[in-house]
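Text of start.txt (compact mmCIF, C-alpha atoms and all ligand atoms) as supplied:
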# COMPACT_ATOMS: atom_id res chain seq x y z
CA MET A 36 135.27 111.27 180.47
CA THR A 37 132.65 113.86 179.54
CA ALA A 38 132.39 117.59 180.09
CA LEU A 39 129.25 119.63 180.67
CA PHE A 40 128.98 123.36 180.18
CA ALA A 41 126.13 124.90 182.19
CA ARG A 42 124.91 128.46 181.98
CA LYS A 43 123.67 128.29 185.60
CA THR A 44 124.78 125.81 188.29
CA LEU A 45 123.73 125.53 191.92
CA LEU A 46 126.99 124.93 193.81
CA PRO A 47 127.32 124.59 197.62
CA THR A 48 128.29 128.30 197.62
CA GLY A 49 125.22 129.34 195.60
CA TRP A 50 124.41 129.88 191.95
CA ALA A 51 127.34 130.25 189.56
CA ASP A 52 127.46 131.23 185.87
CA ASP A 53 129.24 129.44 183.02
CA VAL A 54 130.32 126.36 184.91
CA ARG A 55 132.36 123.65 183.20
CA MET A 56 132.16 120.26 184.90
CA VAL A 57 134.36 117.31 184.02
CA ILE A 58 132.85 113.93 184.83
CA ASP A 59 134.89 110.76 185.05
CA GLY A 60 134.17 107.41 186.65
CA GLY A 61 130.70 108.61 187.65
CA ARG A 62 132.04 111.55 189.66
CA VAL A 63 132.56 115.25 189.15
CA VAL A 64 136.34 115.49 189.00
CA ALA A 65 136.75 119.18 188.09
CA ILE A 66 134.59 122.30 188.34
CA GLU A 67 135.47 125.66 186.82
CA THR A 68 133.25 128.71 187.22
CA GLY A 69 133.26 131.60 184.75
CA ALA A 70 134.73 129.12 182.29
CA MET A 71 135.05 129.17 178.51
CA ARG A 72 133.00 126.61 176.65
CA GLN A 73 135.09 124.01 174.82
CA SER A 74 134.09 122.52 171.51
CA ASP A 75 133.12 119.04 172.70
CA ASP A 76 131.22 120.19 175.79
CA ASP A 77 127.65 119.04 176.30
CA ASP A 78 125.56 122.22 176.72
CA ILE A 79 123.07 122.30 179.55
CA THR A 80 121.09 125.31 180.71
CA CYS A 81 120.51 125.24 184.43
CA VAL A 82 121.62 122.44 186.77
CA ILE A 83 120.90 121.57 190.40
CA PRO A 84 122.00 118.59 192.50
CA GLY A 85 119.61 115.64 192.72
CA LEU A 86 117.82 115.07 196.02
CA CYS A 87 117.67 111.90 198.08
CA ASN A 88 114.30 110.27 198.67
CA ALA A 89 115.13 109.30 202.25
CA HIS A 90 112.13 107.07 202.94
CA SER A 91 110.50 104.72 200.44
CA HIS A 92 108.32 101.63 200.62
CA ALA A 93 108.45 100.96 196.87
CA PHE A 94 105.77 98.24 196.86
CA GLN A 95 103.20 100.72 198.18
CA ARG A 96 103.30 102.49 194.80
CA ALA A 97 100.75 99.82 193.81
CA LEU A 98 98.35 101.06 196.51
CA ALA A 99 98.22 104.76 195.50
CA GLY A 100 94.59 105.84 195.10
CA HIS A 101 93.20 102.48 196.23
CA THR A 102 92.53 103.33 199.88
CA GLU A 103 90.53 106.53 199.54
CA GLN A 104 87.03 105.04 199.96
CA ARG A 105 85.39 105.18 203.39
CA SER A 106 84.91 101.73 204.90
CA PRO A 107 81.42 100.61 205.97
CA ALA A 108 82.40 101.04 209.63
CA GLY A 109 83.33 104.66 208.86
CA ARG A 110 86.33 104.74 211.23
CA ASP A 111 89.17 104.94 208.75
CA ASN A 112 92.57 105.73 210.15
CA PHE A 113 96.22 104.70 209.90
CA TRP A 114 95.50 101.29 211.42
CA SER A 115 92.67 100.44 208.99
CA TRP A 116 94.91 101.59 206.11
CA ARG A 117 97.62 99.28 207.45
CA GLU A 118 95.36 96.25 207.02
CA ARG A 119 94.95 97.13 203.31
CA MET A 120 98.68 97.61 202.99
CA TYR A 121 99.40 94.23 204.65
CA GLU A 122 96.91 92.57 202.32
CA LEU A 123 98.91 93.89 199.35
CA ALA A 124 102.26 93.04 200.97
CA GLY A 125 101.15 89.41 201.27
CA ARG A 126 100.66 89.16 197.50
CA VAL A 127 103.70 91.03 196.13
CA ASP A 128 106.28 88.45 195.06
CA ALA A 129 109.76 89.23 193.74
CA ALA A 130 108.64 89.62 190.12
CA ALA A 131 105.83 92.00 191.09
CA LEU A 132 108.12 93.94 193.41
CA THR A 133 110.63 94.41 190.58
CA ALA A 134 107.99 95.91 188.28
CA ILE A 135 106.40 98.12 190.97
CA ALA A 136 109.72 99.40 192.32
CA ARG A 137 111.07 100.03 188.80
CA GLN A 138 108.05 102.21 188.02
CA ALA A 139 108.40 104.10 191.32
CA TYR A 140 112.13 104.65 190.78
CA CYS A 141 111.65 105.86 187.19
CA GLU A 142 109.08 108.34 188.50
CA MET A 143 111.47 109.47 191.24
CA LEU A 144 114.20 110.19 188.71
CA ALA A 145 111.88 112.10 186.39
CA ALA A 146 110.83 114.22 189.41
CA GLY A 147 114.41 115.09 190.48
CA PHE A 148 115.25 112.44 193.07
CA THR A 149 118.58 110.84 192.16
CA SER A 150 118.87 108.50 195.14
CA VAL A 151 116.52 106.55 197.36
CA ALA A 152 116.72 104.92 200.79
CA GLU A 153 114.50 101.85 200.48
CA PHE A 154 113.14 100.95 203.93
CA HIS A 155 112.49 97.29 203.29
CA TYR A 156 111.09 94.64 205.60
CA LEU A 157 109.42 92.22 203.13
CA HIS A 158 112.37 89.84 203.16
CA ARG A 159 110.42 86.70 202.21
CA ASP A 160 109.00 86.03 198.77
CA PRO A 161 105.33 85.12 199.47
CA THR A 162 105.42 82.39 196.81
CA THR A 163 108.13 80.46 198.69
CA GLY A 164 108.06 81.93 202.20
CA GLU A 165 111.88 81.87 202.05
CA ASP A 166 114.38 84.62 202.66
CA SER A 167 116.59 83.81 199.71
CA GLU A 168 117.37 87.49 198.98
CA ALA A 169 114.91 87.35 196.06
CA MET A 170 113.11 90.40 197.44
CA PHE A 171 116.40 92.28 197.90
CA GLU A 172 117.35 91.31 194.33
CA ALA A 173 113.98 92.67 193.14
CA VAL A 174 114.71 96.06 194.71
CA ALA A 175 118.30 96.03 193.43
CA THR A 176 117.18 95.08 189.90
CA ALA A 177 114.61 97.88 189.89
CA ALA A 178 117.31 100.33 191.00
CA ARG A 179 119.75 99.14 188.33
CA ASP A 180 117.07 99.18 185.59
CA SER A 181 116.03 102.71 186.47
CA GLY A 182 119.54 103.98 187.22
CA ILE A 183 118.69 105.43 190.63
CA ARG A 184 121.31 105.35 193.38
CA LEU A 185 120.05 102.97 196.07
CA THR A 186 120.64 102.81 199.79
CA TYR A 187 119.11 99.46 200.65
CA VAL A 188 117.90 99.61 204.25
CA PRO A 189 116.99 96.10 205.41
CA VAL A 190 114.58 96.53 208.28
CA HIS A 191 113.83 94.18 211.16
CA TYR A 192 110.25 93.35 212.18
CA GLU A 193 109.62 90.78 214.89
CA ARG A 194 106.50 91.42 217.01
CA ALA A 195 102.99 92.87 216.96
CA GLY A 196 103.43 95.40 219.78
CA PHE A 197 105.15 96.49 222.98
CA GLU A 198 103.29 93.87 225.03
CA ASP A 199 102.80 91.40 222.21
CA PRO A 200 106.00 89.46 221.48
CA GLU A 201 104.52 87.45 218.60
CA PRO A 202 103.66 88.90 215.17
CA THR A 203 100.06 88.86 213.93
CA ALA A 204 99.10 86.34 211.22
CA ARG A 205 99.70 88.96 208.51
CA GLN A 206 103.00 90.13 210.03
CA ALA A 207 104.19 86.51 210.35
CA SER A 208 104.75 86.42 206.58
CA PHE A 209 107.58 88.94 206.89
CA ALA A 210 108.57 88.84 210.58
CA MET A 211 111.79 87.06 211.50
CA SER A 212 114.08 86.50 214.47
CA ALA A 213 116.94 88.89 215.15
CA ASP A 214 119.41 86.12 214.24
CA GLU A 215 117.73 85.59 210.87
CA PHE A 216 117.68 89.33 210.24
CA LEU A 217 121.35 89.86 211.07
CA ALA A 218 122.26 86.97 208.77
CA HIS A 219 120.18 88.63 206.01
CA PHE A 220 122.06 91.88 206.56
CA GLU A 221 125.46 90.17 206.29
CA ARG A 222 124.49 88.46 203.03
CA VAL A 223 123.15 91.59 201.32
CA ALA A 224 125.93 93.85 202.62
CA ALA A 225 128.37 91.64 200.76
CA ARG A 226 126.56 92.40 197.51
CA CYS A 227 126.94 96.19 197.42
CA SER A 228 128.23 98.04 194.39
CA ASP A 229 129.07 101.53 193.22
CA THR A 230 125.43 102.60 193.08
CA ILE A 231 124.02 100.34 195.81
CA ASN A 232 125.07 100.77 199.41
CA VAL A 233 123.52 99.41 202.53
CA GLY A 234 121.97 100.85 205.67
CA VAL A 235 120.16 98.99 208.43
CA GLY A 236 116.95 99.56 210.31
CA ALA A 237 114.33 98.56 212.84
CA HIS A 238 110.70 98.98 211.84
CA SER A 239 109.65 100.80 215.02
CA LEU A 240 109.86 100.59 218.80
CA ARG A 241 106.59 98.66 218.86
CA ALA A 242 107.77 96.06 216.29
CA VAL A 243 111.30 95.43 217.65
CA SER A 244 112.33 94.59 221.23
CA LYS A 245 114.96 96.58 223.08
CA ALA A 246 117.35 93.61 222.97
CA SER A 247 117.05 93.29 219.17
CA LEU A 248 117.33 97.04 218.69
CA GLU A 249 120.59 96.99 220.67
CA ARG A 250 122.01 94.37 218.32
CA ILE A 251 120.96 96.31 215.21
CA ALA A 252 122.24 99.63 216.57
CA GLY A 253 125.50 97.90 217.49
CA LEU A 254 125.81 96.71 213.91
CA ALA A 255 125.22 100.24 212.58
CA GLY A 256 127.76 101.75 214.98
CA GLY A 257 128.37 105.38 214.14
CA GLU A 258 128.85 104.80 210.42
CA ILE A 259 126.11 102.78 208.73
CA PRO A 260 122.84 104.70 208.15
CA MET A 261 120.40 103.50 210.84
CA HIS A 262 116.69 104.06 210.14
CA ILE A 263 113.60 103.66 212.32
CA HIS A 264 109.94 104.78 212.19
CA ILE A 265 109.11 106.67 215.34
CA ALA A 266 106.15 108.45 216.97
CA GLU A 267 104.11 108.47 213.77
CA GLN A 268 100.80 107.85 215.52
CA GLN A 269 99.46 109.00 218.90
CA ARG A 270 98.41 105.43 219.73
CA GLU A 271 102.04 104.32 219.42
CA VAL A 272 103.12 107.14 221.74
CA ASP A 273 100.53 106.09 224.34
CA GLN A 274 101.51 102.41 224.13
CA CYS A 275 105.21 103.25 224.43
CA TYR A 276 104.56 105.43 227.48
CA SER A 277 102.50 102.71 229.07
CA SER A 278 105.13 99.97 228.45
CA TYR A 279 108.42 101.86 228.69
CA GLY A 280 107.39 104.79 230.91
CA ARG A 281 108.65 107.25 228.32
CA ARG A 282 107.47 108.78 225.06
CA PRO A 283 109.12 107.11 222.02
CA VAL A 284 111.65 109.80 221.05
CA ARG A 285 112.60 110.41 224.68
CA TRP A 286 113.03 106.67 225.33
CA LEU A 287 115.16 106.20 222.20
CA LEU A 288 117.43 109.14 223.05
CA GLU A 289 117.86 107.94 226.64
CA ASN A 290 118.66 104.36 225.69
CA PHE A 291 120.69 104.65 222.48
CA ASP A 292 123.59 106.65 221.14
CA VAL A 293 121.50 108.47 218.55
CA ALA A 294 123.88 110.44 216.31
CA SER A 295 124.17 111.79 212.78
CA ASN A 296 123.95 108.37 211.09
CA TRP A 297 120.46 107.86 212.58
CA SER A 298 117.33 108.69 210.61
CA LEU A 299 114.14 108.98 212.64
CA VAL A 300 111.26 108.67 210.21
CA HIS A 301 108.21 110.88 210.96
CA ALA A 302 108.93 111.77 214.65
CA THR A 303 105.56 113.47 214.37
CA HIS A 304 104.53 113.41 218.01
CA MET A 305 107.20 115.05 220.17
CA ASP A 306 106.87 117.30 223.18
CA ASP A 307 109.00 120.41 223.44
CA ASP A 308 111.87 118.70 225.31
CA GLU A 309 111.99 115.84 222.80
CA THR A 310 112.08 118.35 219.94
CA THR A 311 115.10 120.08 221.47
CA ALA A 312 116.88 116.84 222.33
CA LEU A 313 116.38 115.34 218.87
CA ALA A 314 117.58 118.56 217.21
CA ARG A 315 120.75 118.48 219.34
CA SER A 316 121.46 114.80 218.68
CA GLY A 317 122.56 115.43 215.08
CA ALA A 318 120.14 112.77 213.81
CA VAL A 319 118.00 113.36 210.74
CA ALA A 320 114.21 113.67 211.03
CA VAL A 321 112.90 112.15 207.80
CA LEU A 322 109.64 113.88 206.95
CA CYS A 323 107.09 112.64 204.43
CA PRO A 324 104.37 115.31 204.45
CA SER A 325 102.21 113.97 201.60
CA THR A 326 102.00 110.52 203.20
CA GLU A 327 101.69 111.92 206.72
CA ALA A 328 98.71 113.98 205.53
CA ASN A 329 97.22 111.05 203.63
CA LEU A 330 97.42 108.80 206.69
CA GLY A 331 96.26 111.44 209.16
CA ASP A 332 99.46 111.20 211.21
CA GLY A 333 99.75 114.73 212.55
CA LEU A 334 102.08 117.67 212.04
CA PHE A 335 105.81 117.65 212.81
CA PRO A 336 106.99 120.65 214.90
CA LEU A 337 109.18 121.85 212.04
CA HIS A 338 109.87 125.44 213.00
CA ASP A 339 110.83 124.62 216.60
CA TYR A 340 112.99 121.71 215.46
CA VAL A 341 114.96 123.50 212.73
CA SER A 342 115.35 126.67 214.79
CA ARG A 343 117.10 124.51 217.43
CA GLY A 344 119.52 123.15 214.83
CA GLY A 345 117.63 120.01 213.75
CA ARG A 346 118.40 118.22 210.48
CA ILE A 347 115.69 117.13 208.06
CA ALA A 348 115.35 114.99 204.96
CA ILE A 349 112.28 114.19 202.90
CA GLY A 350 110.71 110.98 201.63
CA SER A 351 107.77 110.02 199.47
CA ASP A 352 107.12 107.01 201.75
CA SER A 353 103.84 105.44 200.49
CA HIS A 354 104.16 107.13 197.07
CA ILE A 355 100.73 108.67 196.80
CA SER A 356 102.84 111.41 195.24
CA ILE A 357 106.42 111.29 193.95
CA ASN A 358 107.66 114.86 193.78
CA PRO A 359 110.36 116.25 196.10
CA PHE A 360 109.23 119.82 195.53
CA GLU A 361 105.68 118.97 196.58
CA GLU A 362 107.02 117.40 199.79
CA LEU A 363 108.98 120.58 200.53
CA ARG A 364 105.98 122.76 199.71
CA TRP A 365 103.76 120.87 202.16
CA LEU A 366 106.41 120.95 204.86
CA GLU A 367 106.14 124.73 204.78
CA TYR A 368 102.37 124.83 204.15
CA GLY A 369 101.67 122.73 207.25
CA GLN A 370 103.49 125.34 209.32
CA ARG A 371 101.62 128.20 207.65
CA LEU A 372 98.26 126.55 208.28
CA VAL A 373 98.84 126.15 212.03
CA SER A 374 100.78 129.39 212.64
CA HIS A 375 98.61 131.67 210.48
CA SER A 376 101.76 133.17 209.01
CA ARG A 377 103.96 132.89 205.92
CA ASN A 378 107.59 132.09 205.07
CA VAL A 379 108.16 130.10 208.25
CA VAL A 380 111.26 128.02 207.40
CA SER A 381 113.44 130.98 206.47
CA LEU A 382 116.04 130.88 209.22
CA ARG A 383 119.25 130.75 207.18
CA ASN A 384 117.92 132.17 203.91
CA SER A 385 115.04 134.58 203.47
CA HIS A 386 114.01 132.56 200.40
CA VAL A 387 112.08 129.59 201.77
CA GLY A 388 112.43 127.41 198.67
CA SER A 389 116.22 127.78 198.73
CA GLU A 390 116.39 126.98 202.43
CA LEU A 391 114.14 123.91 202.24
CA PHE A 392 116.07 122.56 199.25
CA ALA A 393 119.44 123.01 200.98
CA ARG A 394 118.20 121.35 204.16
CA ALA A 395 116.75 118.36 202.28
CA LEU A 396 119.95 117.98 200.26
CA GLU A 397 122.13 117.94 203.37
CA GLY A 398 119.84 115.68 205.41
CA GLY A 399 119.41 113.28 202.49
CA ALA A 400 123.19 112.83 202.28
CA TYR A 401 123.28 111.84 205.96
CA ALA A 402 120.28 109.52 205.63
CA SER A 403 121.79 107.69 202.67
CA GLY A 404 125.37 107.60 203.93
CA GLN A 405 126.82 109.79 201.17
CA ALA A 406 129.89 111.75 202.10
CA ALA A 407 129.40 114.62 199.67
CA VAL A 408 126.55 117.13 199.55
CA GLY A 409 125.70 118.76 196.25
CA ILE A 410 127.75 119.55 193.17
CA GLU A 411 131.40 119.62 194.17
CA GLU A 412 134.66 118.02 193.12
CA GLY A 413 134.74 114.39 194.16
CA ALA A 414 130.96 114.11 194.53
CA PRO A 415 128.91 111.64 192.49
CA ALA A 416 127.68 113.16 189.20
CA ASP A 417 124.01 113.17 190.26
CA LEU A 418 122.52 116.12 188.43
CA VAL A 419 119.11 117.53 187.52
CA VAL A 420 118.94 119.80 184.47
CA LEU A 421 116.10 122.33 184.39
CA SER A 422 114.58 123.83 181.23
CA ASP A 423 115.40 127.45 181.74
CA ASP A 424 112.77 128.51 179.20
CA ASP A 425 109.94 126.72 181.01
CA PRO A 426 107.10 129.09 182.00
CA MET A 427 107.53 128.05 185.65
CA LEU A 428 110.99 129.62 185.72
CA ALA A 429 110.24 132.60 183.48
CA GLY A 430 111.01 135.86 185.24
CA HIS A 431 112.98 134.15 188.02
CA GLY A 432 116.64 134.90 188.69
CA ASP A 433 119.09 133.20 191.01
CA GLU A 434 117.36 134.34 194.20
CA SER A 435 113.89 132.96 193.53
CA ARG A 436 114.47 130.07 191.10
CA LEU A 437 114.18 127.45 193.87
CA ASP A 438 111.16 129.25 195.35
CA ALA A 439 109.45 128.79 191.99
CA LEU A 440 110.35 125.09 191.91
CA VAL A 441 109.06 124.47 195.44
CA PHE A 442 105.98 126.66 195.50
CA SER A 443 104.65 126.49 191.92
CA GLY A 444 102.49 123.44 191.45
CA TYR A 445 102.96 123.33 187.68
CA PRO A 446 104.51 120.39 185.79
CA LEU A 447 108.16 120.15 186.79
CA PRO A 448 110.57 121.77 184.30
CA ILE A 449 113.02 118.86 184.44
CA GLU A 450 114.74 118.23 181.14
CA ARG A 451 117.48 115.71 181.95
CA VAL A 452 118.68 113.75 184.98
CA MET A 453 122.10 112.15 185.45
CA VAL A 454 123.11 109.60 188.08
CA GLY A 455 126.73 108.52 188.36
CA GLY A 456 127.55 110.04 184.98
CA HIS A 457 124.69 108.31 183.11
CA TRP A 458 121.67 110.13 181.73
CA CYS A 459 118.52 108.43 183.11
CA VAL A 460 116.06 111.10 182.01
CA VAL A 461 116.26 112.76 178.60
CA GLU A 462 113.84 115.32 177.13
CA GLY A 463 111.72 115.12 180.27
CA SER A 464 111.14 111.35 180.17
CA HIS A 465 112.88 108.43 181.77
CA VAL A 466 114.79 106.53 179.08
CA ARG A 467 113.00 103.27 180.04
CA ARG A 468 109.64 104.85 180.74
CA ASP A 469 107.59 102.80 178.26
CA HIS A 470 109.02 99.46 179.40
CA ALA A 471 108.50 100.37 183.07
CA ARG A 472 104.91 101.45 182.45
CA GLU A 473 104.00 98.30 180.52
CA GLU A 474 105.41 95.99 183.19
CA PHE A 475 103.79 98.01 185.97
CA ALA A 476 100.35 97.96 184.29
CA ALA A 477 100.56 94.20 183.67
CA THR A 478 101.61 93.63 187.29
CA LEU A 479 98.76 95.71 188.69
CA GLU A 480 96.29 93.92 186.46
CA ALA A 481 97.57 90.54 187.71
CA LEU A 482 97.44 91.71 191.35
CA GLY A 483 93.89 92.97 190.77
CA ARG A 484 92.86 89.57 189.38
CA ALA A 485 94.41 87.82 192.37
CA SER A 486 92.75 90.01 195.00
ZN ZN A 501 107.47 104.19 206.35

Will you turn the file into structure tokens for me?
Ligand SMILES: [Zn+2]
Amino acid sequence: MTALFARKTLLPTGWADDVRMVIDGGRVVAIETGAMRQSDDDDITCVIPGLCNAHSHAFQRALAGHTEQRSPAGRDNFWSWRERMYELAGRVDAAALTAIARQAYCEMLAAGFTSVAEFHYLHRDPTTGEDSEAMFEAVATAARDSGIRLTYVPVHYERAGFEDPEPTARQASFAMSADEFLAHFERVAARCSDTINVGVGAHSLRAVSKASLERIAGLAGGEIPMHIHIAEQQREVDQCYSSYGRRPVRWLLENFDVASNWSLVHATHMDDDETTALARSGAVAVLCPSTEANLGDGLFPLHDYVSRGGRIAIGSDSHISINPFEELRWLEYGQRLVSHSRNVVSLRNSHVGSELFARALEGGAYASGQAAVGIEEGAPADLVVLSDDDPMLAGHGDESRLDALVFSGYPLPIERVMVGGHWCVVEGSHVRRDHAREEFAATLEALGRAS
């Protein structure tokens, strides 16, 4: 049992002064505001709850910065990027995945993410071609090494497109039948722990048939987090309309019981009726603005969606950037750029940074299947300690502290990070940073030699 004494703490009710938190068994078991410091307390300055990174493809951390050169044909888009991504996916074995994911997870923790939903469909180790859970173990090992809380989301992939029931040659290395996938889910679900829980997912409407999606959704029921990419690209919307006679979000909502355990990743291309219907469903729209910008996806109708009651979470997806505050900043900036106005997502709180943070915290809890939201009794002790004397926060009080974090692009003032009662980041660095960096560099060098 340990006790923390914080000068400033962001509780579900707002900022509180002189908060004493007792942590036992990885959870916050008691919170007292306006408390007296006790002699053995660990002093911290300013503490906020950690955010969930609700959409990650950890292996793509190895691709950051490698796809920014125009191809000779000069028609670069999401689909040409995907070929580069598949090429990497075909070479990442379990050992490489461990090193790449460990580096990504250490970076997430240092940036203030304390949990991650890993959207994972590379179930076969390319060296053996077998689904022996080696790739799941790689992700789980990386999570344990880094200390991040993991929601492992095994994802089904079975076909190349709506009218193309077979996978392409590249997709064949990770595609599987629905029976194989459901067996994989059962095996990994049996291996959960305190800091690893399981969700389930389908890659997209184009990559999974309706019959398979029904089986996966049936497995999720109303409880297990259910994730799916949807309407990320206009081409996918057109193909869905042509095959199913509906736009993707509309078709999904008409054919499935989409509720609060569902996470729809991207949902970029929605018409006005789809925006309203998705907002009313209770599902989470998982938005990844840095990746969506990098891939040229389009802009999510954020203001319309949240003003109709929609839930959001954020993800760093392809990991060209790992910084929750940058994701929140670009969520708002996208809206400003198209609406020629400022302070757009300020519907519940006039301070946009505070509102975006609260929305991402709540949506992330739904996306990862966590019952508690934020720092409260009974919740996991997943905490981010800010350096109150950092220049970024100088001159900011309770009202604008989160605005500074979201909208100032300076180095993050994160001093320490705790997950489940363990400090993973101390003095601004992940405790295993050097080991993670060395293994990551060696892995990238080996992948470079093999390409
Ligand atoms: Zn994705």

| task | Please identify every polymer residue within 10 Å of ligand ZN 501 (chain A), using all atoms listed in the file, and present the set as a list in words. | result | His90, Ser91, His92, Gln95, Glu153, Phe154, His155, His238, Ser239, His262, Ile263, His264, Ile265, Glu267, Val300, His301, Val321, Leu322, Cys323, Thr326, Glu327, Gly350, Ser351, Asp352 and Ser353 of chain A

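Residue nearest Leu479 (chain A), chosen from A:Cys227, A:Phe94, A:Gly109, A:Gly317 and counting all atoms listed in the file: A:Phe94.
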
| request: Quote the spacing between CA of Val460 (chain A) and CA of Asn358 (chain A) in Å to one decimal place. | output: 14.9 Å

Compile a residue-level contact table for region 125-211 of chain A against region 375-398 of chain A at a cut-off of 12 Å, reporting for every qualifying residue the shortest atom pair and its distance in Å to one decimal, with all atoms listed in the file counted, rows ordered by chain and ascending number, as JSON lines.
{"residue": "A:Gly147", "atom": "CA", "partner": "A:Leu396", "partner_atom": "CA", "distance": 11.6}
{"residue": "A:Phe148", "atom": "CA", "partner": "A:Leu396", "partner_atom": "CA", "distance": 10.2}
{"residue": "A:Thr149", "atom": "CA", "partner": "A:Leu396", "partner_atom": "CA", "distance": 10.9}
{"residue": "A:Ser150", "atom": "CA", "partner": "A:Leu396", "partner_atom": "CA", "distance": 10.8}

Could you write out the selected residues, including C-alpha atoms, as a short mmCIF file (atom, residue, chain, number, x, y, z; two decimals), in the frame of the given file?
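Listed below is the output, result_27.cif:
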data_model
loop_
_atom_site.label_atom_id
_atom_site.label_comp_id
_atom_site.auth_asym_id
_atom_site.auth_seq_id
_atom_site.Cartn_x
_atom_site.Cartn_y
_atom_site.Cartn_z
CA GLY A 147 114.41 115.09 190.48
CA PHE A 148 115.25 112.44 193.07
CA THR A 149 118.58 110.84 192.16
CA SER A 150 118.87 108.50 195.14
#

Residue neighbourhood region 256-259 of chain A, 8 Å, all atoms listed in the file, exclusion window fewer than 4 positions, as a compact mmCIF listing (two decimals) with C-alpha atoms, in the coordinates of the input:
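Done, and the output landed in part_19.txt:
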# COMPACT_ATOMS: atom_id res chain seq x y z
CA VAL A 233 123.52 99.41 202.53
CA GLY A 234 121.97 100.85 205.67
CA VAL A 235 120.16 98.99 208.43
CA ALA A 252 122.24 99.63 216.57
CA ALA A 294 123.88 110.44 216.31
CA SER A 295 124.17 111.79 212.78
CA ASN A 296 123.95 108.37 211.09
CA GLY A 404 125.37 107.60 203.93

| At a cut-off of 9 Å from (120.0, 118.3, 216.5) in the coordinates of the file, what residues are picked up using all atoms listed in the file, written as a VMD selection string? | chain A and resid 294 to 295 310 to 319 340 to 341 343 to 346

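If only C-alpha atoms are the atoms counted, then among A:Gln274, A:Arg205, A:Arg468, A:Ala146 the closest residue to Gly85 (chain A) is A:Ala146.
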
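One finds CA of Gly69 (chain A) at 9.3 Å from CA of Arg42 (chain A).
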
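Among the candidates A:Ser422, A:Thr176, A:Ser244, A:Gln370, the residue lying nearest to Glu201 (chain A) is A:Ser244 (atoms considered: all atoms listed in the file).
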
Specify the axis-aligned box that encloses all atoms of region 72-89 of chain A listed in the file after padding of 5 Å on each side, stating its centre and edge lengths in Å to one decimal as lines of an AutoDock Vina configuration file.
center_x = 124.7
center_y = 118.0
center_z = 186.9
size_x = 30.8
size_y = 27.3
size_z = 40.7

| query | Do you know which residues are at most 12 Å from Asp166 (chain A) counting all atoms listed in the file, after dropping those on the same chain fewer than 2 positions away, and could you put them as number ranges by chain? | reply | A: 128-129, 156-164, 168-172, 208-212, 215-216, 218-220, 222-223

| Distance query 10 Å from (105.1, 97.1, 185.2) using all atoms listed in the file, result as a PyMOL selection string | chain A and resi 130-139+469-480

| remark: Expressed in Å, the length from CA of Leu299 (chain A) to CA of Tyr276 (chain A) is 18.0 Å

| Quick one: residues within 9 Å of Pro47 (chain A), only C-alpha atoms counted, chain neighbours fewer than 5 positions away excluded, as a PyMOL selection string? | chain A and resi 393+408-411

Region 111-114 of chain A environment, 9 Å, only C-alpha atoms, sequence neighbours closer than 2 positions dropped, as an mmCIF file with C-alpha atoms, keeping the file's coordinate frame:
data_model
loop_
_atom_site.group_PDB
_atom_site.id
_atom_site.type_symbol
_atom_site.label_atom_id
_atom_site.label_comp_id
_atom_site.auth_asym_id
_atom_site.auth_seq_id
_atom_site.Cartn_x
_atom_site.Cartn_y
_atom_site.Cartn_z
ATOM 1 C CA ARG A 105 85.390 105.180 203.390
ATOM 2 C CA SER A 106 84.910 101.730 204.900
ATOM 3 C CA ALA A 108 82.400 101.040 209.630
ATOM 4 C CA GLY A 109 83.330 104.660 208.860
ATOM 5 C CA TRP A 116 94.910 101.590 206.110
ATOM 6 C CA ARG A 117 97.620 99.280 207.450
ATOM 7 C CA GLU A 118 95.360 96.250 207.020
ATOM 8 C CA GLN A 268 100.800 107.850 215.520
ATOM 9 C CA ASN A 329 97.220 111.050 203.630
ATOM 10 C CA LEU A 330 97.420 108.800 206.690
ATOM 11 C CA GLY A 331 96.260 111.440 209.160
ATOM 12 C CA ASP A 332 99.460 111.200 211.210
#

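With distances taken over all atoms listed in the file, A:Ile449 is the one residue among A:Ala481, A:Ala173, A:Ile357, A:Ile449 lying closest to Val420 (chain A).
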
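In this comparison, which uses only C-alpha atoms, the residue of A:His457, A:Arg72, A:Arg371, A:Arg467 approaching Asp417 (chain A) most closely is A:His457.
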
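With distances taken over all atoms listed in the file, A:Gly236 is the one residue among A:Gly125, A:Gly236, A:Gly413, A:Pro107 lying closest to His191 (chain A).
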
| request: List the neighbours of Ala266 (chain A) out to 8 Å using only C-alpha atoms; skip same-chain residues closer than 2 positions along the sequence, and give me the result as a PyMOL selection string. | output: chain A and resi 264+268-269+271-272+283-284+301-305
